[in-house]
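Peer 1: Structure incoming, see below.
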Amino acid sequence: MDDEMVASAAYDEVEPKVRNIPVTDLKDVLAGGLRDFSAHPSHRVFLSLIFPVAGFFMIRMTMDYDVWSLIIPLAAGFALIGPFAAIGMYGLSRRHENHPAVTWRGSMDAFRSPSLGSILVLGLILTVIFVAWVYTARFIYGVTMEGVGPIEPSSFVSTIFGTSEGWSLLIIGDVVGFIFAVVVLSISVVSFPLMIDHHVSLGTAVRTSIKAVMVNPVTMLAWGGIVGLSLFLGSLPFFVGLAVVFPVLGHATWHLYRKVIEF
């Protein structure tokens with residue numbers, strides 16, 4: 001364990017302060033994410049390949065069913081587990097602040113953190129929320145598209161956007177998905193970086209994250225929109241774009257944490 005992690009282990013828990021930041025600060029946040037990604041892109045792409053590969057296998061697992069009914073929920077669902085999956089990016093950005101020549105070892109900081117137990121618990125919570133979202137989305141699809149039947153890939157877009165059933169699916173799915181997204185954003189937007197950077201409890205991390213959203217509602221909703229849209233676009237086609245989009249957003253989340261939280 002290096003000196004940074006020893007210092008974190010000895011940290012006495014205090015309540016972090018939450019700053020109010022304007023939406024315009026998100027430009028700096030994204031610029032920081034791109035800067036960290038550009039510093040060592042080979043490390044970032046290698047680590048983030050896990051994400052599109054996992055997405056591919058998740059699609060393959062559903063091939064015996066109506067796979068097209070799950071493509072959009074799975075793509076959108078990446079935003080729900082993304083904060084946990086990006087813990088390696090937070091560690092790399094953390095080390096890069098003081099050590100520009102940081103190697104892949106920085107991505108392991110989360111697993112050497114004294115808050116590891118809390119990190120894993122919150123990760124499990126997000127995974128449960130993700131699974132709940134997929135099942136909920138499939139239920140909504142079954143209810144709204146009951147009279148349509150299986151959709152052929154060639155007619156998927158026209159069926160969704162050209163029928164009343166498809167519009168019902170989009171409206172209900174978007175509303176329910178927004179609720180899931182707000183819950184995850186509220187409990188995790190700065191929780192993981194905070195637990196990697198300091199020895200704080202899960203309760204303190206989640207409470208601070210919720211406070212960060214309450215203090216910065218417009219900025220955080222804008223950030224959530226950026227993340228959701230970027231991950232969705234990165235999922236097309238076949239999740240390949242996530243190999244770049246995901247690590248950039250992960251690094252950017254660290255810079256968002258730095259702007260919002262102070263001790």
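Residues are referred to by chain and number: the chain letter is A, B, ... according to the order shown in the structure tokens, the number counts from 1 in that chain, and ligands are numbered separately from 1 in the order shown.
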Neighbours of Pro83 (chain A) within 12 Å (only C-alpha atoms; same-chain residues fewer than 3 positions away dropped), as a ChimeraX atom specification?
Peer 2: /A:77-80,86-90,119-120,122-127,130,181,184-194,224,227-228,231,246-247,249-254
Peer 1: Could you take the residues named above and write them with C-alpha atoms, as a PDB file, in the first residue's frame?
Peer 2:
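As a result, out-v4.pdb now contains:
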ATOM      1  CA  GLY A  77     -28.913   0.487 -18.355  1.00  0.00           C
ATOM      2  CA  PHE A  78     -25.170   0.978 -18.750  1.00  0.00           C
ATOM      3  CA  ALA A  79     -25.672   4.419 -17.224  1.00  0.00           C
ATOM      4  CA  LEU A  80     -26.997   2.714 -14.080  1.00  0.00           C
ATOM      5  CA  ALA A  86     -15.667   3.248 -13.768  1.00  0.00           C
ATOM      6  CA  ILE A  87     -13.836   2.866 -10.439  1.00  0.00           C
ATOM      7  CA  GLY A  88     -10.611   2.095 -12.294  1.00  0.00           C
ATOM      8  CA  MET A  89     -10.869   5.397 -14.131  1.00  0.00           C
ATOM      9  CA  TYR A  90     -11.277   7.314 -10.854  1.00  0.00           C
ATOM     10  CA  ILE A 119     -17.519   0.512  -2.559  1.00  0.00           C
ATOM     11  CA  LEU A 120     -18.525  -3.106  -3.203  1.00  0.00           C
ATOM     12  CA  LEU A 122     -22.790   0.329  -3.366  1.00  0.00           C
ATOM     13  CA  GLY A 123     -21.706  -1.486  -6.517  1.00  0.00           C
ATOM     14  CA  LEU A 124     -24.005  -4.366  -5.590  1.00  0.00           C
ATOM     15  CA  ILE A 125     -26.866  -1.921  -5.015  1.00  0.00           C
ATOM     16  CA  LEU A 126     -26.367  -0.432  -8.489  1.00  0.00           C
ATOM     17  CA  THR A 127     -26.247  -3.909 -10.003  1.00  0.00           C
ATOM     18  CA  PHE A 130     -29.766  -2.379 -13.153  1.00  0.00           C
ATOM     19  CA  ALA A 181     -31.648   7.291 -13.573  1.00  0.00           C
ATOM     20  CA  VAL A 184     -28.761   6.229  -9.369  1.00  0.00           C
ATOM     21  CA  LEU A 185     -27.458   9.726 -10.107  1.00  0.00           C
ATOM     22  CA  SER A 186     -28.444  10.906  -6.642  1.00  0.00           C
ATOM     23  CA  ILE A 187     -26.766   8.099  -4.710  1.00  0.00           C
ATOM     24  CA  SER A 188     -23.656   7.638  -6.828  1.00  0.00           C
ATOM     25  CA  VAL A 189     -22.631  10.750  -8.767  1.00  0.00           C
ATOM     26  CA  VAL A 190     -19.734  11.484  -6.386  1.00  0.00           C
ATOM     27  CA  SER A 191     -19.940   8.513  -4.002  1.00  0.00           C
ATOM     28  CA  PHE A 192     -17.319   6.259  -5.594  1.00  0.00           C
ATOM     29  CA  PRO A 193     -14.671   8.956  -6.164  1.00  0.00           C
ATOM     30  CA  LEU A 194     -15.243  10.157  -2.598  1.00  0.00           C
ATOM     31  CA  GLY A 224     -26.880  12.943 -16.182  1.00  0.00           C
ATOM     32  CA  VAL A 227     -23.761  10.670 -19.543  1.00  0.00           C
ATOM     33  CA  GLY A 228     -26.942   8.957 -20.674  1.00  0.00           C
ATOM     34  CA  LEU A 231     -23.395   5.991 -23.338  1.00  0.00           C
ATOM     35  CA  PHE A 246     -16.898   5.093 -21.136  1.00  0.00           C
ATOM     36  CA  PRO A 247     -13.359   5.861 -19.911  1.00  0.00           C
ATOM     37  CA  LEU A 249     -16.858   9.823 -18.842  1.00  0.00           C
ATOM     38  CA  GLY A 250     -15.219   7.943 -15.981  1.00  0.00           C
ATOM     39  CA  HIS A 251     -12.294  10.361 -15.875  1.00  0.00           C
ATOM     40  CA  ALA A 252     -14.665  13.303 -16.257  1.00  0.00           C
ATOM     41  CA  THR A 253     -16.661  12.092 -13.246  1.00  0.00           C
ATOM     42  CA  TRP A 254     -13.506  12.370 -11.160  1.00  0.00           C
TER      43      TRP A 254
END
Peer 1: Taking into account only C-alpha atoms, which residue in the set A:Ala205, A:Leu256, A:Leu92, A:Val245 is nearest to His40 (chain A)?
Peer 2: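 Closest residue, counting only C-alpha atoms: A:Leu92.
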Peer 1: So that I can check the surroundings of Glu15 (chain A), please list as an MDAnalysis selection string every protein, DNA and RNA residue that reaches within 9 Å of it, counting only C-alpha atoms and ignoring chain neighbours fewer than 3 positions away.
Peer 2: chainID A and resid 200 204 208 263
Peer 1: With only C-alpha atoms as the counted atoms, please give the residues lying no more than 9 Å from Ser118 (chain A), apart from itself and same-chain residues fewer than 6 positions off, as JSON, numbers by chain.
Peer 2: {"A": [195, 200, 201, 202, 203]}
Peer 1: Could you state the separation of CA of Asp197 (chain A) and CA of Leu116 (chain A) in Å, given to one decimal place?
Peer 2: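 Atom-to-atom, CA of Asp197 (chain A) to CA of Leu116 (chain A), that is 11.3 Å.
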Peer 1: A:Leu70, A:Asn98, A:Ser158, A:Ile179: which is nearest Phe139 (chain A), counting only C-alpha atoms?
Peer 2: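 Ranking A:Leu70, A:Asn98, A:Ser158, A:Ile179 by distance to Phe139 (chain A), first place goes to A:Leu70.
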Peer 1: So, counting only C-alpha atoms, which residue among A:Val260, A:Met214, A:Ile196, A:Ile81 is closest to Val134 (chain A)?
Peer 2: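 With only C-alpha atoms as the atom set, the closest residue is A:Ile81.
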Peer 1: What gap, in Å, lies between CA of Thr163 (chain A) and CA of Val182 (chain A)?
Peer 2: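 Rounded to one decimal, the two atoms are 28.5 Å apart.
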